[in-house]
$ cat query.pdb   # PDB, C-alpha atoms
ATOM      1  CA  MET A   8      -2.285 -96.994  72.045
ATOM      2  CA  THR A   9      -0.226 -94.915  74.503
ATOM      3  CA  ALA A  10      -2.162 -92.427  76.591
ATOM      4  CA  ALA A  11      -1.154 -88.787  76.257
ATOM      5  CA  ARG A  12       0.921 -87.419  79.104
ATOM      6  CA  ALA A  13      -1.000 -85.117  81.402
ATOM      7  CA  PRO A  14       0.313 -81.537  81.585
ATOM      8  CA  PRO A  15       2.394 -81.068  84.738
ATOM      9  CA  THR A  16       1.328 -79.347  87.927
ATOM     10  CA  VAL A  17       3.570 -76.327  88.489
ATOM     11  CA  LEU A  18       4.417 -74.327  91.595
ATOM     12  CA  TRP A  19       5.752 -70.939  90.518
ATOM     13  CA  LEU A  20       7.577 -68.965  93.218
ATOM     14  CA  THR A  21       7.777 -65.286  92.258
ATOM     15  CA  PRO A  22       9.085 -62.129  93.941
ATOM     16  CA  ASP A  23       6.755 -60.960  96.685
ATOM     17  CA  LYS A  24       5.496 -57.858  94.888
ATOM     18  CA  PRO A  25       1.992 -56.418  94.446
ATOM     19  CA  ALA A  26       0.138 -58.239  91.659
ATOM     20  CA  ASP A  27      -0.495 -54.968  89.812
ATOM     21  CA  ILE A  28       3.229 -54.112  89.774
ATOM     22  CA  SER A  29       4.804 -57.413  88.803
ATOM     23  CA  VAL A  30       2.582 -59.014  86.166
ATOM     24  CA  GLY A  31       4.908 -60.783  83.738
ATOM     25  CA  ARG A  32       5.163 -64.138  85.490
ATOM     26  CA  ARG A  33       1.390 -64.188  85.984
ATOM     27  CA  ARG A  34       0.912 -63.600  82.253
ATOM     28  CA  ILE A  35       3.123 -66.578  81.396
ATOM     29  CA  ALA A  36       1.315 -68.671  83.999
ATOM     30  CA  ASP A  37      -2.037 -67.693  82.483
ATOM     31  CA  HIS A  38      -0.906 -68.836  79.038
ATOM     32  CA  LEU A  39       0.342 -72.125  80.491
ATOM     33  CA  ALA A  40      -3.001 -72.592  82.216
ATOM     34  CA  ASN A  41      -4.729 -72.092  78.879
ATOM     35  CA  GLU A  42      -2.636 -75.026  77.632
ATOM     36  CA  GLY A  43      -3.956 -77.221  80.450
ATOM     37  CA  PHE A  44      -1.128 -76.750  82.951
ATOM     38  CA  ALA A  45      -2.172 -76.484  86.597
ATOM     39  CA  VAL A  46      -0.101 -73.514  87.792
ATOM     40  CA  THR A  47      -0.007 -72.166  91.349
ATOM     41  CA  VAL A  48       1.728 -68.774  91.601
ATOM     42  CA  ARG A  49       3.013 -67.702  95.015
ATOM     43  CA  GLY A  50       4.976 -64.690  96.166
ATOM     44  CA  THR A  51       8.082 -65.896  97.967
ATOM     45  CA  THR A  52       8.039 -65.265 101.715
ATOM     46  CA  PRO A  53       9.197 -67.420 104.648
ATOM     47  CA  LYS A  54       5.559 -68.389 105.182
ATOM     48  CA  THR A  55       4.968 -69.515 101.592
ATOM     49  CA  VAL A  56       8.278 -71.398 101.509
ATOM     50  CA  LEU A  57       7.318 -73.328 104.651
ATOM     51  CA  ARG A  58       3.912 -74.041 103.143
ATOM     52  CA  SER A  59       5.522 -75.345  99.974
ATOM     53  CA  LEU A  60       7.875 -77.567 101.963
ATOM     54  CA  ARG A  61       4.927 -79.021 103.888
ATOM     55  CA  GLU A  62       3.202 -79.843 100.612
ATOM     56  CA  GLY A  63       6.151 -82.056  99.704
ATOM     57  CA  GLY A  64       5.731 -83.773  96.360
ATOM     58  CA  ARG A  65       2.360 -82.275  95.449
ATOM     59  CA  TYR A  66       3.806 -80.555  92.366
ATOM     60  CA  ASP A  67       5.497 -82.071  89.336
ATOM     61  CA  ILE A  68       7.841 -79.102  88.932
ATOM     62  CA  VAL A  69       8.881 -75.889  90.665
ATOM     63  CA  VAL A  70       9.655 -72.682  88.753
ATOM     64  CA  GLY A  71      11.590 -70.130  90.802
ATOM     65  CA  THR A  72      11.980 -66.519  89.682
ATOM     66  CA  THR A  73      15.059 -64.615  90.796
ATOM     67  CA  ARG A  74      15.929 -63.696  93.234
ATOM     68  CA  ALA A  75      14.072 -65.099  96.219
ATOM     69  CA  GLY A  76      11.947 -67.509  94.172
ATOM     70  CA  ALA A  77      14.972 -69.156  92.586
ATOM     71  CA  ILE A  78      16.747 -69.564  95.923
ATOM     72  CA  ALA A  79      13.609 -70.933  97.566
ATOM     73  CA  GLY A  80      13.096 -73.250  94.588
ATOM     74  CA  ALA A  81      16.587 -74.657  95.121
ATOM     75  CA  VAL A  82      15.712 -75.371  98.757
ATOM     76  CA  LEU A  83      12.571 -77.214  97.639
ATOM     77  CA  LYS A  84      14.541 -79.173  95.038
ATOM     78  CA  LEU A  85      17.067 -80.325  97.644
ATOM     79  CA  ALA A  86      14.378 -81.083 100.248
ATOM     80  CA  THR A  87      11.797 -82.831  98.060
ATOM     81  CA  GLY A  88      13.560 -83.787  94.830
ATOM     82  CA  THR A  89      10.980 -81.863  92.788
ATOM     83  CA  PRO A  90      12.492 -80.785  89.431
ATOM     84  CA  LEU A  91      13.403 -77.098  89.310
ATOM     85  CA  VAL A  92      13.396 -74.539  86.514
ATOM     86  CA  VAL A  93      15.058 -71.254  87.460
ATOM     87  CA  ASP A  94      13.455 -68.205  85.844
ATOM     88  CA  HIS A  95      16.362 -65.746  85.902
ATOM     89  CA  VAL A  96      14.940 -62.358  84.984
ATOM     90  CA  ASP A  97      17.221 -59.860  86.766
ATOM     91  CA  PRO A  98      20.998 -59.587  86.273
ATOM     92  CA  ILE A  99      23.117 -59.683  89.408
ATOM     93  CA  ARG A 100      24.539 -56.313  88.327
ATOM     94  CA  GLN A 101      21.291 -54.600  89.310
ATOM     95  CA  PHE A 102      21.459 -56.024  92.815
ATOM     96  CA  GLU A 103      25.130 -55.137  93.166
ATOM     97  CA  GLU A 104      24.488 -51.526  92.184
ATOM     98  CA  ASN A 105      21.827 -51.051  94.854
ATOM     99  CA  ASN A 106      23.008 -53.106  97.820
ATOM    100  CA  PRO A 107      26.094 -53.513 100.048
ATOM    101  CA  ARG A 108      28.925 -55.531  98.534
ATOM    102  CA  TRP A 109      28.788 -58.212 101.229
ATOM    103  CA  LEU A 110      25.074 -58.808 100.641
ATOM    104  CA  ALA A 111      25.488 -58.853  96.860
ATOM    105  CA  GLU A 112      28.208 -61.488  97.160
ATOM    106  CA  ILE A 113      25.952 -63.705  99.282
ATOM    107  CA  VAL A 114      23.108 -63.347  96.770
ATOM    108  CA  ARG A 115      25.439 -64.089  93.852
ATOM    109  CA  ARG A 116      26.584 -67.319  95.514
ATOM    110  CA  LEU A 117      23.033 -68.361  96.363
ATOM    111  CA  GLU A 118      21.937 -67.708  92.787
ATOM    112  CA  ASN A 119      24.870 -69.741  91.487
ATOM    113  CA  ALA A 120      23.796 -72.572  93.769
ATOM    114  CA  ALA A 121      20.240 -72.339  92.426
ATOM    115  CA  PHE A 122      21.521 -72.540  88.850
ATOM    116  CA  ARG A 123      23.652 -75.543  89.780
ATOM    117  CA  VAL A 124      20.797 -77.575  91.273
ATOM    118  CA  SER A 125      18.271 -76.533  88.626
ATOM    119  CA  ASP A 126      17.245 -78.933  85.913
ATOM    120  CA  HIS A 127      17.144 -75.996  83.499
ATOM    121  CA  THR A 128      17.551 -72.234  83.743
ATOM    122  CA  LEU A 129      15.855 -69.624  81.570
ATOM    123  CA  TYR A 130      17.596 -66.231  81.474
ATOM    124  CA  VAL A 131      16.704 -62.854  79.988
ATOM    125  CA  TYR A 132      19.907 -60.785  79.923
ATOM    126  CA  ALA A 133      22.710 -61.683  77.523
ATOM    127  CA  GLU A 134      25.222 -60.420  80.089
ATOM    128  CA  GLU A 135      24.209 -63.359  82.313
ATOM    129  CA  ARG A 136      24.754 -66.027  79.646
ATOM    130  CA  GLU A 137      28.292 -66.922  80.666
ATOM    131  CA  ARG A 138      27.573 -67.064  84.391
ATOM    132  CA  VAL A 139      24.417 -69.135  84.034
ATOM    133  CA  GLY A 140      26.056 -71.430  81.491
ATOM    134  CA  ARG A 141      28.821 -72.347  83.932
ATOM    135  CA  PHE A 142      26.305 -73.951  86.250
ATOM    136  CA  ALA A 143      23.202 -74.977  84.304
ATOM    137  CA  ALA A 144      21.630 -76.086  81.065
ATOM    138  CA  ALA A 145      20.249 -72.754  79.900
ATOM    139  CA  THR A 146      17.908 -71.155  77.370
ATOM    140  CA  LYS A 147      17.630 -67.476  76.439
ATOM    141  CA  THR A 148      14.175 -65.934  76.815
ATOM    142  CA  ASP A 149      12.708 -62.410  76.945
ATOM    143  CA  LEU A 150      10.336 -60.227  78.859
ATOM    144  CA  GLY A 151       7.122 -59.668  76.988
ATOM    145  CA  VAL A 152       3.957 -57.685  76.671
ATOM    146  CA  GLU A 153       0.267 -58.505  76.464
ATOM    147  CA  PHE A 154       0.093 -56.642  73.178
ATOM    148  CA  ASP A 155      -3.642 -56.664  72.469
ATOM    149  CA  ARG A 156      -4.476 -55.609  76.028
ATOM    150  CA  PHE A 157      -2.502 -52.389  75.563
ATOM    151  CA  ALA A 158      -3.210 -51.841  71.882
ATOM    152  CA  ASN A 159      -6.980 -52.146  72.419
ATOM    153  CA  PRO A 160      -7.950 -51.127  75.959
ATOM    154  CA  SER A 161     -11.489 -51.769  77.041
ATOM    155  CA  PRO A 162     -13.926 -48.831  76.808
ATOM    156  CA  GLU A 163     -14.434 -49.123  80.572
ATOM    157  CA  ALA A 164     -10.710 -48.816  81.307
ATOM    158  CA  LEU A 165     -10.391 -45.839  78.975
ATOM    159  CA  SER A 166     -13.425 -44.151  80.502
ATOM    160  CA  ARG A 167     -12.071 -44.517  84.044
ATOM    161  CA  ALA A 168      -8.695 -43.111  83.025
ATOM    162  CA  GLU A 169     -10.194 -40.172  81.155
ATOM    163  CA  SER A 170     -12.448 -39.349  84.120
ATOM    164  CA  THR A 171      -9.422 -39.206  86.425
ATOM    165  CA  LEU A 172      -7.439 -37.017  84.038
ATOM    166  CA  ASP A 173     -10.381 -34.738  83.264
ATOM    167  CA  ALA A 174     -10.863 -34.161  86.994
ATOM    168  CA  HIS A 175      -7.334 -32.760  87.106
ATOM    169  CA  GLY A 176      -7.684 -30.694  83.948
ATOM    170  CA  ALA A 177      -4.922 -32.646  82.221
ATOM    171  CA  GLU A 178      -4.322 -31.668  78.592
ATOM    172  CA  ARG A 179      -0.900 -32.971  77.530
ATOM    173  CA  VAL A 180      -0.031 -36.073  79.559
ATOM    174  CA  ALA A 181       3.325 -37.713  80.240
ATOM    175  CA  ILE A 182       2.894 -40.991  82.099
ATOM    176  CA  TYR A 183       5.103 -43.244  84.200
ATOM    177  CA  VAL A 184       3.995 -46.752  85.195
ATOM    178  CA  GLY A 185       6.060 -48.917  87.532
ATOM    179  CA  GLY A 186       7.958 -49.101  90.784
ATOM    180  CA  LEU A 187       8.563 -45.975  92.820
ATOM    181  CA  GLU A 188      12.177 -46.603  93.814
ATOM    182  CA  PRO A 189      15.361 -44.523  93.440
ATOM    183  CA  ILE A 190      16.660 -46.829  90.678
ATOM    184  CA  TYR A 191      13.805 -45.563  88.477
ATOM    185  CA  ARG A 192      14.880 -41.926  88.978
ATOM    186  CA  ILE A 193      11.559 -40.859  90.427
ATOM    187  CA  ARG A 194      12.986 -37.708  92.020
ATOM    188  CA  GLU A 195      14.392 -36.543  88.697
ATOM    189  CA  LEU A 196      11.064 -37.304  87.005
ATOM    190  CA  LEU A 197       9.139 -35.221  89.537
ATOM    191  CA  ALA A 198      11.581 -32.353  89.086
ATOM    192  CA  ALA A 199      11.124 -32.600  85.305
ATOM    193  CA  ALA A 200       7.359 -32.282  85.797
ATOM    194  CA  ARG A 201       7.891 -28.900  87.413
ATOM    195  CA  GLU A 202       9.869 -27.775  84.364
ATOM    196  CA  LEU A 203       7.052 -28.955  82.085
ATOM    197  CA  ALA A 204       4.301 -27.143  83.977
ATOM    198  CA  ASP A 205       4.638 -23.938  81.960
ATOM    199  CA  ASP A 206       3.989 -25.904  78.767
ATOM    200  CA  GLU A 207       0.749 -27.351  80.159
ATOM    201  CA  TRP A 208       2.089 -30.861  80.621
ATOM    202  CA  THR A 209       0.708 -33.110  83.349
ATOM    203  CA  LEU A 210       2.727 -36.000  84.767
ATOM    204  CA  VAL A 211       0.686 -39.052  85.756
ATOM    205  CA  VAL A 212       2.425 -41.572  88.022
ATOM    206  CA  LEU A 213       1.007 -45.067  88.502
ATOM    207  CA  GLY A 214       2.765 -47.403  90.901
ATOM    208  CA  ALA A 215       3.951 -48.101  94.421
ATOM    209  CA  GLY A 216       7.235 -48.270  96.282
ATOM    210  CA  SER A 217       9.448 -46.640  98.874
ATOM    211  CA  LEU A 218       9.027 -43.203  97.260
ATOM    212  CA  SER A 219       5.217 -43.302  97.220
ATOM    213  CA  ASP A 220       5.004 -40.689  99.997
ATOM    214  CA  LEU A 221       7.285 -38.351  98.057
ATOM    215  CA  VAL A 222       5.142 -38.700  94.932
ATOM    216  CA  GLU A 223       1.982 -38.149  96.956
ATOM    217  CA  ARG A 224       3.394 -34.997  98.576
ATOM    218  CA  THR A 225       4.536 -33.667  95.202
ATOM    219  CA  ALA A 226       1.109 -34.299  93.678
ATOM    220  CA  ALA A 227      -0.518 -32.445  96.565
ATOM    221  CA  ALA A 228       1.778 -29.458  96.065
ATOM    222  CA  HIS A 229       1.796 -29.288  92.256
ATOM    223  CA  GLU A 230      -1.334 -29.327  90.129
ATOM    224  CA  ASN A 231       0.413 -30.857  87.145
ATOM    225  CA  VAL A 232       1.406 -34.055  89.000
ATOM    226  CA  VAL A 233      -1.331 -36.682  89.330
ATOM    227  CA  PHE A 234      -0.850 -39.734  91.535
ATOM    228  CA  PRO A 235      -3.718 -42.249  91.526
ATOM    229  CA  GLY A 236      -1.321 -44.744  93.147
ATOM    230  CA  THR A 237      -1.502 -48.384  92.139
ATOM    231  CA  VAL A 238      -4.497 -48.930  89.876
ATOM    232  CA  PRO A 239      -5.875 -52.315  88.769
ATOM    233  CA  HIS A 240      -3.718 -53.681  85.963
ATOM    234  CA  GLU A 241      -6.716 -53.854  83.665
ATOM    235  CA  ASP A 242      -7.016 -50.053  83.934
ATOM    236  CA  VAL A 243      -3.392 -49.315  82.961
ATOM    237  CA  PRO A 244      -4.012 -49.658  79.184
ATOM    238  CA  GLY A 245      -6.735 -47.026  79.498
ATOM    239  CA  TYR A 246      -4.323 -44.592  81.116
ATOM    240  CA  LEU A 247      -1.726 -45.230  78.439
ATOM    241  CA  ARG A 248      -4.256 -44.640  75.666
ATOM    242  CA  ALA A 249      -5.242 -41.348  77.304
ATOM    243  CA  ALA A 250      -1.604 -40.206  77.581
ATOM    244  CA  ASP A 251       0.668 -38.515  75.045
ATOM    245  CA  VAL A 252       4.151 -39.718  76.061
ATOM    246  CA  GLY A 253       5.438 -42.620  78.157
ATOM    247  CA  VAL A 254       8.530 -42.237  80.334
ATOM    248  CA  CYS A 255      11.068 -44.869  81.426
ATOM    249  CA  LEU A 256      14.187 -43.762  83.313
ATOM    250  CA  VAL A 257      15.764 -47.035  84.426
ATOM    251  CA  ASP A 258      19.085 -47.921  82.793
ATOM    252  CA  ASP A 259      17.868 -51.262  81.512
ATOM    253  CA  PRO A 260      17.270 -52.576  77.974
ATOM    254  CA  HIS A 261      14.709 -55.172  79.072
ATOM    255  CA  THR A 262      12.188 -53.144  81.017
ATOM    256  CA  LEU A 263       8.607 -54.233  80.450
ATOM    257  CA  LYS A 264       7.126 -50.747  80.546
ATOM    258  CA  VAL A 265       8.759 -49.676  77.251
ATOM    259  CA  LEU A 266       7.064 -52.592  75.500
ATOM    260  CA  GLU A 267       3.745 -51.656  77.097
ATOM    261  CA  TYR A 268       4.134 -48.044  76.010
ATOM    262  CA  GLY A 269       4.960 -49.248  72.515
ATOM    263  CA  ALA A 270       1.965 -51.581  72.336
ATOM    264  CA  ALA A 271      -0.251 -48.688  73.429
ATOM    265  CA  GLY A 272       1.117 -46.529  70.602
ATOM    266  CA  LEU A 273       2.844 -44.047  72.900
ATOM    267  CA  PRO A 274       5.952 -42.100  71.905
ATOM    268  CA  THR A 275       8.443 -43.027  74.620
ATOM    269  CA  VAL A 276      11.286 -41.384  76.524
ATOM    270  CA  GLN A 277      14.098 -43.707  77.686
ATOM    271  CA  VAL A 278      17.188 -42.761  79.661
ATOM    272  CA  ARG A 279      20.500 -43.092  77.816
ATOM    273  CA  GLY A 280      22.645 -46.113  78.618
ATOM    274  CA  ARG A 281      22.273 -49.844  78.161
ATOM    275  CA  ALA A 282      18.985 -49.511  76.255
ATOM    276  CA  GLU A 283      20.471 -47.503  73.387
ATOM    277  CA  ASP A 284      21.550 -50.486  71.308
ATOM    278  CA  ARG A 285      18.159 -52.160  71.620
ATOM    279  CA  PHE A 286      15.896 -49.153  71.124
ATOM    280  CA  ASP A 287      17.950 -46.975  68.785
ATOM    281  CA  GLY A 288      15.545 -45.242  66.411
ATOM    282  CA  LEU A 289      12.499 -46.388  68.400
ATOM    283  CA  VAL A 290      12.430 -44.034  71.410
ATOM    284  CA  GLU A 291      13.581 -40.552  72.412
ATOM    285  CA  PHE A 292      16.680 -40.838  74.596
ATOM    286  CA  CYS A 293      17.477 -38.413  77.392
ATOM    287  CA  ASP A 294      20.039 -37.612  80.036
ATOM    288  CA  ALA A 295      18.951 -38.415  83.581
ATOM    289  CA  THR A 296      18.514 -34.776  84.582
ATOM    290  CA  PRO A 297      15.239 -32.901  85.107
ATOM    291  CA  THR A 298      15.961 -30.603  82.161
ATOM    292  CA  GLY A 299      17.051 -33.490  79.924
ATOM    293  CA  ILE A 300      13.922 -35.443  80.769
ATOM    294  CA  ALA A 301      11.610 -32.465  80.223
ATOM    295  CA  ARG A 302      13.102 -31.608  76.842
ATOM    296  CA  ALA A 303      12.921 -35.264  75.741
ATOM    297  CA  VAL A 304       9.218 -35.410  76.632
ATOM    298  CA  GLU A 305       8.602 -32.400  74.434
ATOM    299  CA  ARG A 306      10.612 -33.905  71.556
ATOM    300  CA  ALA A 307       8.930 -37.294  71.889
ATOM    301  CA  ALA A 308       5.476 -35.743  71.548
ATOM    302  CA  GLY A 309       6.251 -35.024  67.908
ATOM    303  CA  THR A 310       7.625 -38.447  66.972
ATOM    304  CA  ASP A 311       6.016 -41.415  65.211
ATOM    305  CA  PRO A 312       5.194 -44.218  67.710
ATOM    306  CA  GLU A 313       4.667 -46.867  65.018
ATOM    307  CA  PRO A 314       8.254 -48.246  64.890
ATOM    308  CA  LEU A 315       8.195 -48.985  68.639
ATOM    309  CA  ARG A 316       4.695 -50.412  68.339
ATOM    310  CA  SER A 317       5.846 -52.816  65.609
ATOM    311  CA  PHE A 318       8.852 -53.805  67.715
ATOM    312  CA  ALA A 319       6.688 -54.522  70.765
ATOM    313  CA  ARG A 320       4.385 -56.771  68.749
ATOM    314  CA  GLY A 321       7.210 -59.302  68.461
ATOM    315  CA  PHE A 322       7.305 -59.823  72.243
ATOM    316  CA  GLU A 323       3.823 -61.026  73.040
ATOM    317  CA  TRP A 324       3.656 -63.145  76.201
ATOM    318  CA  SER A 325       1.973 -65.951  74.270
ATOM    319  CA  ASN A 326       5.139 -66.415  72.208
ATOM    320  CA  ILE A 327       7.408 -66.285  75.251
ATOM    321  CA  ALA A 328       5.191 -68.735  77.133
ATOM    322  CA  GLU A 329       5.904 -71.308  74.430
ATOM    323  CA  THR A 330       9.557 -71.369  75.504
ATOM    324  CA  TYR A 331       8.540 -71.991  79.111
ATOM    325  CA  LYS A 332       6.120 -74.698  78.021
ATOM    326  CA  LYS A 333       8.832 -76.560  76.116
ATOM    327  CA  VAL A 334      11.340 -76.343  78.964
ATOM    328  CA  ILE A 335       8.848 -77.381  81.659
ATOM    329  CA  THR A 336       7.559 -80.280  79.597
ATOM    330  CA  THR A 337      11.082 -81.488  78.867
ATOM    331  CA  VAL A 338      12.226 -81.230  82.483
ATOM    332  CA  LYS A 339       9.191 -83.090  83.757
TER     333      LYS A 339
END
$ encode --input "query.pdb" --output "structure tokens"
Amino acid sequence: MTAARAPPTVLWLTPDKPADISVGRRRIADHLANEGFAVTVRGTTPKTVLRSLREGGRYDIVVGTTRAGAIAGAVLKLATGTPLVVDHVDPIRQFEENNPRWLAEIVRRLENAAFRVSDHTLYVYAEERERVGRFAAATKTDLGVEFDRFANPSPEALSRAESTLDAHGAERVAIYVGGLEPIYRIRELLAAARELADDEWTLVVLGAGSLSDLVERTAAAHENVVFPGTVPHEDVPGYLRAADVGVCLVDDPHTLKVLEYGAAGLPTVQVRGRAEDRFDGLVEFCDATPTGIARAVERAAGTDPEPLRSFARGFEWSNIAETYKKVITTVK
């Protein structure tokens, strides 16, 4: 009788972001661990890349998440021969829109090289299908949501959120969860909060980034802006349950926060653009202006969140992790 193959040991190189901001790869890794995989997740920095190189052939497979993780994974593949799966979650378009052309071209070429040396590449955005397919065996995947975590927050998480909001006298709450960077239109969101103040709306911002100081200053100057900063991820579902409307202002159809808002049963505001085809009839769309955002928040408060909630249920991380499991097992 042939012995069953042991699940592989996996080194997963992710973007070097705070754990409470970038949770998706950790969720997939957790589901793989529940299946018996030994998964080590590391943010990609020069120090962790050198450490991984020193470890040589300790791992059966490397998973590298774009951008830095995929590029570092290609280096490990070439140096050690360890099989590589590229986890391509961000389209190159996003990088090109926010960085100098010369730098974007370098990153594009490095990503192409990572696809070429990979044993398999998983990609999220349909717009990347052709590019990835030129260089690698590829499989379409999705970003997901830990549905039950957001649909049924713990009483402790809800209590902590309600205590914070009660301390600020919040009655009608619009909430934003995520990175505090210009791409997410944080300035426009803060300006919209000032327009909503007369209607007794409070904006709650959870996250971190280059605009954290701006958000903190705005919260200090305006009573209807609350900025707890980055809170433990287990507390986020409590804040969403205590809110009335979720806000997402990035021009992206695959943002995780919309699925989290949906799972939590929140009516959601989404900026017009690439997300319209995916979320038509599920969210309240707005123009990326303070007035457009404010009016959309007010409209969303009267909408039925159930269609978005049902949509989000189809993207549980456990289902998406199955795709990663199949690819990793095959590559090994």
$ atom_distance --input "query.pdb" --atom1 "CA of Gly309 in chain A" --atom2 "CA of Gly269 in chain A"
15.0 Å
$ residues_around --input "query.pdb" --residues "range 76-90 of chain A" --least-positions-apart "3" --cutoff "6 Å" --atoms "only C-alpha atoms" --output "PDB file with C-alpha atoms, keeping the file's coordinate frame"
ATOM      1  CA  LEU A  20       7.577 -68.965  93.218  1.00  0.00           C
ATOM      2  CA  THR A  21       7.777 -65.286  92.258  1.00  0.00           C
ATOM      3  CA  THR A  51       8.082 -65.896  97.967  1.00  0.00           C
ATOM      4  CA  GLY A  63       6.151 -82.056  99.704  1.00  0.00           C
ATOM      5  CA  ILE A  68       7.841 -79.102  88.932  1.00  0.00           C
ATOM      6  CA  GLY A  71      11.590 -70.130  90.802  1.00  0.00           C
ATOM      7  CA  THR A  72      11.980 -66.519  89.682  1.00  0.00           C
ATOM      8  CA  THR A  73      15.059 -64.615  90.796  1.00  0.00           C
ATOM      9  CA  VAL A  93      15.058 -71.254  87.460  1.00  0.00           C
ATOM     10  CA  ALA A 121      20.240 -72.339  92.426  1.00  0.00           C
TER      11      ALA A 121
END
$ closest_residue --input "query.pdb" --among "A:Trp109, A:Phe122, A:Tyr331, A:Tyr246" --to "Glu267 in chain A" --atoms "only C-alpha atoms"
A:Tyr246
$ residues_around --input "query.pdb" --residues "Ala144 in chain A" --least-positions-apart "5" --cutoff "9 Å" --atoms "all atoms listed in the file" --output "PDB file with C-alpha atoms, in the frame of the given file"
ATOM      1  CA  PHE A 122      21.521 -72.540  88.850  1.00  0.00           C
ATOM      2  CA  ARG A 123      23.652 -75.543  89.780  1.00  0.00           C
ATOM      3  CA  SER A 125      18.271 -76.533  88.626  1.00  0.00           C
ATOM      4  CA  ASP A 126      17.245 -78.933  85.913  1.00  0.00           C
ATOM      5  CA  HIS A 127      17.144 -75.996  83.499  1.00  0.00           C
ATOM      6  CA  THR A 128      17.551 -72.234  83.743  1.00  0.00           C
ATOM      7  CA  LEU A 129      15.855 -69.624  81.570  1.00  0.00           C
ATOM      8  CA  VAL A 139      24.417 -69.135  84.034  1.00  0.00           C
TER       9      VAL A 139
END
$ closest_residue --input "query.pdb" --among "A:Lys332, A:His175, A:Arg281, A:His95" --to "Leu256 in chain A" --atoms "all atoms listed in the file"
A:Arg281
$ resolve_selection --input "query.pdb" --expression "the PyMOL selection byres ((chain A and resi 158-166) around 12)" --output "PyMOL selection string"
chain A and resi 152-157+167-173+238-250+266-273+313+316-317+319-320+323
$ residues_around --input "query.pdb" --residues "Cys293 in chain A" --least-positions-apart "4" --cutoff "10 Å" --atoms "all atoms listed in the file" --output "list in words"
Cys255, Leu256, Val276, Gln277, Val278, Arg279, Gly280, Pro297, Thr298, Gly299, Ile300, Ala301, Arg302, Ala303 and Val304 of chain A
$ closest_residue --input "query.pdb" --among "A:Tyr66, A:Trp324, A:Pro14, A:Leu150" --to "Glu42 in chain A" --atoms "all atoms listed in the file"
A:Pro14
$ atom_distance --input "query.pdb" --atom1 "CA of Tyr183 in chain A" --atom2 "CA of Val254 in chain A"
5.3 Å
$ resolve_selection --input "query.pdb" --expression "the PyMOL selection byres ((chain A and resi 188) around 10)" --output "PyMOL selection string"
chain A and resi 185-187+189-194+214-219
$ write_last_selection --input "query.pdb" --atoms "C-alpha atoms" --output "PDB file, in the frame of the given file"
ATOM      1  CA  GLY A 185       6.060 -48.917  87.532  1.00  0.00           C
ATOM      2  CA  GLY A 186       7.958 -49.101  90.784  1.00  0.00           C
ATOM      3  CA  LEU A 187       8.563 -45.975  92.820  1.00  0.00           C
ATOM      4  CA  PRO A 189      15.361 -44.523  93.440  1.00  0.00           C
ATOM      5  CA  ILE A 190      16.660 -46.829  90.678  1.00  0.00           C
ATOM      6  CA  TYR A 191      13.805 -45.563  88.477  1.00  0.00           C
ATOM      7  CA  ARG A 192      14.880 -41.926  88.978  1.00  0.00           C
ATOM      8  CA  ILE A 193      11.559 -40.859  90.427  1.00  0.00           C
ATOM      9  CA  ARG A 194      12.986 -37.708  92.020  1.00  0.00           C
ATOM     10  CA  GLY A 214       2.765 -47.403  90.901  1.00  0.00           C
ATOM     11  CA  ALA A 215       3.951 -48.101  94.421  1.00  0.00           C
ATOM     12  CA  GLY A 216       7.235 -48.270  96.282  1.00  0.00           C
ATOM     13  CA  SER A 217       9.448 -46.640  98.874  1.00  0.00           C
ATOM     14  CA  LEU A 218       9.027 -43.203  97.260  1.00  0.00           C
ATOM     15  CA  SER A 219       5.217 -43.302  97.220  1.00  0.00           C
TER      16      SER A 219
END
$ closest_residue --input "query.pdb" --among "A:Asn106, A:Thr16, A:Thr225, A:Thr148" --to "Ile327 in chain A" --atoms "all atoms listed in the file"
A:Thr148
$ closest_residue --input "query.pdb" --among "A:Asp23, A:Asp258, A:Glu178, A:Glu223" --to "Leu197 in chain A" --atoms "all atoms listed in the file"
A:Glu223
$ build_atoms --input "query.pdb" --residues "range 286-292 of chain A" --atoms "N, CA and C atoms" --output "PDB file, in the frame of the given file"
ATOM      1  N   PHE A 286      17.007 -50.026  71.510  1.00  0.00           N
ATOM      2  CA  PHE A 286      15.896 -49.153  71.124  1.00  0.00           C
ATOM      3  C   PHE A 286      16.311 -47.989  70.228  1.00  0.00           C
ATOM      4  N   ASP A 287      17.498 -48.055  69.662  1.00  0.00           N
ATOM      5  CA  ASP A 287      17.950 -46.975  68.785  1.00  0.00           C
ATOM      6  C   ASP A 287      16.964 -46.778  67.635  1.00  0.00           C
ATOM      7  N   GLY A 288      16.503 -45.552  67.464  1.00  0.00           N
ATOM      8  CA  GLY A 288      15.545 -45.242  66.411  1.00  0.00           C
ATOM      9  C   GLY A 288      14.106 -45.505  66.783  1.00  0.00           C
ATOM     10  N   LEU A 289      13.863 -46.034  67.989  1.00  0.00           N
ATOM     11  CA  LEU A 289      12.499 -46.388  68.400  1.00  0.00           C
ATOM     12  C   LEU A 289      11.960 -45.485  69.499  1.00  0.00           C
ATOM     13  N   VAL A 290      12.848 -44.879  70.293  1.00  0.00           N
ATOM     14  CA  VAL A 290      12.430 -44.034  71.410  1.00  0.00           C
ATOM     15  C   VAL A 290      13.234 -42.745  71.387  1.00  0.00           C
ATOM     16  N   GLU A 291      12.840 -41.801  72.229  1.00  0.00           N
ATOM     17  CA  GLU A 291      13.581 -40.552  72.412  1.00  0.00           C
ATOM     18  C   GLU A 291      14.459 -40.702  73.651  1.00  0.00           C
ATOM     19  N   PHE A 292      15.773 -40.665  73.465  1.00  0.00           N
ATOM     20  CA  PHE A 292      16.680 -40.838  74.596  1.00  0.00           C
ATOM     21  C   PHE A 292      16.914 -39.506  75.308  1.00  0.00           C
TER      22      PHE A 292
END
